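I have placed the structure first, in the form of C-alpha cells, so that the comments after it can refer back to it.
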Amino acid sequence: MKKIISTPTLACLLLLTGCLLPLVSCNRTTETETAQASETTEAEAELQPLTSETAVAELTNYGKQHPDSLAVISTRHGDIKVRLYKDTPLHRANFVRLTRAGFYDQGEFYRVVKGFAIQGGDSDNRTMSQGSYKIPQEFSPKYIHKRGALAMARYGDERNPEKESSSHNFYIVLGEPVPEETLRAFEAQHNMQYTPEQLDIYKTIGGEPGLDTEYTVFGEVVAGMDVVEKIAQEPVDGTNWPRQIVPHTIKTAQQ
C-alpha cells in the first residue's frame with residue numbers, strides 16, 4: 001500500500017532552503033563570457049527586488065502587461081514544457097517576471113525525491129536578488145497535485161499559517177496511482193471533495209493528494225515528463241541533494 005506522508009514530513013520536504021553545493025569558477029574569460037556577463041548585468045538592473053508590502057501590487061500590474069502562459073524549462077536531460085494557469089494570476093506573474101529577468105537561469109533542481117517531486121528555482125551560485133517577499137496562496141479546487149503539476153514551495157505552517165508561497169522555489173510532482181480509499185481519506189482530512197474526473201486522474205495517472213490545499217498549484221507539464229523522470233533518477237545524498245547539480249534555464253512565451 002502506498003505510504004501516506006504526514007503533513008510535517010511534507011513541510012520538511014518543501015521548506016525553503018539554500019543549496020549546499022560547491023562553487024566552481026574558472027579564471028579564463030572569453031568574449032562570449034564577457035557578453036553574457038553584460039547581459040546578466042542588464043537583466044539584474046531590470047529585476048527590482050520586491051517586499052511583502054509591494055509584491056501584490058507589482059505582480060498584479062506585471063501580470064497585466066505580460067500575459068505569457070507557457071514556459072520551457074531546459075536542463076541537461078532535455079526540456080520540460082509547462083502551461084501556467086491564468087487564474088492563479090499572482091503566481092503566474094511572479095514566475096514570468098523572474099523568468100524574463102533571467103533569475104531562473106541562475107537556478108537548478110536542487111532537491112530530488114524519486115517518485116514524489118523535483119524542486120528547483122534556487123542556487124547558492126546566484127548573483128541576482130528578488131527581494132524578501134511571499135506570494136499569497138491561490139488555492140483552487142480545480143487544480144490538484146496530479147502527476148506533472150507545477151506548484152510553489154513554502155515555509156511550514158508554524159511560521160507561515162496563511163500558507164503563503166515562496167517567492168521563487170517551485171516543484172514538479174511525480175507520484176504514483178492512488179487507491180480510492182486513500183483519496184476519500186484525504187477528502188475528509190482536507191474538508192474537500194474531488195470531482196469524478198479528479199478521482200480518475202489520481203487513480204490512473206497518479207500524483208500526491210496529500211499536498212492538496214497545502215501548496216498552490218499554478219501550472220502543469222504539457223510535454224517532457226520523461227525529462228522530469230530522468231531528473232528524479234539522479235543519484236542523491238542522504239538529504240535528497242543531487243550529487244551532480246542539475247542547472248536549469250527557463251524561457252516563457254504567450255500561448
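Labeling convention for the C-alpha cells: chains A, B, ... as they appear, residues from 1 per chain, ligands from 1 in order of appearance.
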Where in range 160-223 of chain A does DSSP assign strand (DSSP E), given as an mmCIF file with N, CA and C atoms, in the first residue's frame?
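Now in out_21.cif:
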data_model
loop_
_atom_site.group_PDB
_atom_site.id
_atom_site.type_symbol
_atom_site.label_atom_id
_atom_site.label_comp_id
_atom_site.auth_asym_id
_atom_site.auth_seq_id
_atom_site.Cartn_x
_atom_site.Cartn_y
_atom_site.Cartn_z
ATOM 1 N N PHE A 170 10.061 26.367 -6.699
ATOM 2 C CA PHE A 170 8.932 25.650 -7.290
ATOM 3 C C PHE A 170 9.230 24.154 -7.326
ATOM 4 N N TYR A 171 8.199 23.359 -7.564
ATOM 5 C CA TYR A 171 8.411 21.923 -7.689
ATOM 6 C C TYR A 171 7.441 21.328 -8.706
ATOM 7 N N ILE A 172 7.828 20.169 -9.242
ATOM 8 C CA ILE A 172 7.010 19.415 -10.185
ATOM 9 C C ILE A 172 6.724 18.056 -9.561
ATOM 10 N N VAL A 173 5.452 17.681 -9.579
ATOM 11 C CA VAL A 173 5.001 16.467 -8.899
ATOM 12 C C VAL A 173 5.203 15.221 -9.763
ATOM 13 N N VAL A 217 -0.939 25.141 -6.598
ATOM 14 C CA VAL A 217 -0.646 24.619 -7.939
ATOM 15 C C VAL A 217 -0.950 25.745 -8.923
ATOM 16 N N PHE A 218 0.016 26.082 -9.776
ATOM 17 C CA PHE A 218 -0.208 27.193 -10.708
ATOM 18 C C PHE A 218 0.119 26.839 -12.152
ATOM 19 N N GLY A 219 0.312 25.552 -12.433
ATOM 20 C CA GLY A 219 0.593 25.137 -13.795
ATOM 21 C C GLY A 219 0.738 23.634 -13.885
ATOM 22 N N GLU A 220 1.047 23.153 -15.088
ATOM 23 C CA GLU A 220 1.224 21.720 -15.288
ATOM 24 C C GLU A 220 2.148 21.454 -16.471
ATOM 25 N N VAL A 221 2.791 20.317 -16.434
ATOM 26 C CA VAL A 221 3.663 19.892 -17.524
ATOM 27 C C VAL A 221 2.796 19.441 -18.698
ATOM 28 N N VAL A 222 3.080 19.960 -19.889
ATOM 29 C CA VAL A 222 2.354 19.540 -21.093
ATOM 30 C C VAL A 222 3.250 18.731 -22.028
ATOM 31 N N ALA A 223 4.550 18.746 -21.791
ATOM 32 C CA ALA A 223 5.500 17.915 -22.557
ATOM 33 C C ALA A 223 6.789 17.821 -21.751
#
Notebook entry, point to check: Could you pull the residues within 8 Å of Tyr215 in chain A, counting only C-alpha atoms, minus those fewer than 3 positions along the same chain, as a ChimeraX atom specification?
Noted result: /A:137,139,151-154,163,165,211-212
Take the residues just selected and output them with C-alpha atoms as a PDB file, in the first residue's frame.
ATOM      1  CA  GLN A 137      -1.838  31.435  -1.628  1.00  0.00           C
ATOM      2  CA  PHE A 139      -5.689  27.579  -3.887  1.00  0.00           C
ATOM      3  CA  ALA A 151       3.457  24.290  -7.685  1.00  0.00           C
ATOM      4  CA  MET A 152       5.295  26.630  -5.338  1.00  0.00           C
ATOM      5  CA  ALA A 153       7.115  25.560  -2.179  1.00  0.00           C
ATOM      6  CA  ARG A 154       6.652  27.397   1.119  1.00  0.00           C
ATOM      7  CA  LYS A 163       0.296  29.136   3.613  1.00  0.00           C
ATOM      8  CA  SER A 165       4.171  30.652  -1.236  1.00  0.00           C
ATOM      9  CA  LEU A 211      -0.330  18.253  -0.881  1.00  0.00           C
ATOM     10  CA  ASP A 212      -3.761  19.498  -1.971  1.00  0.00           C
TER      11      ASP A 212
END
Check: How many Å separate CA of Gly102 in chain A from CA of Gly121 in chain A?
Finding: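 The value is 11.4 Å.
In the backbone-derived DSSP annotation, alpha helix (DSSP H) within range 212-244 of chain A comprises Met225, Asp226, Val227, Val228, Glu229, Lys230, Ile231 and Ala232 of chain A.
Nearest-residue note for Gly206 in chain A: choosing from A:Pro141, A:Gly107, A:Gly78, A:Pro179, the minimum distance belongs to A:Pro179, counting only C-alpha atoms.
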Check: Which is closer to Thr88 in chain A than all the others in A:Met225, A:Val72, A:Val178, A:Ile135, using only C-alpha atoms?
Finding: A:Ile135
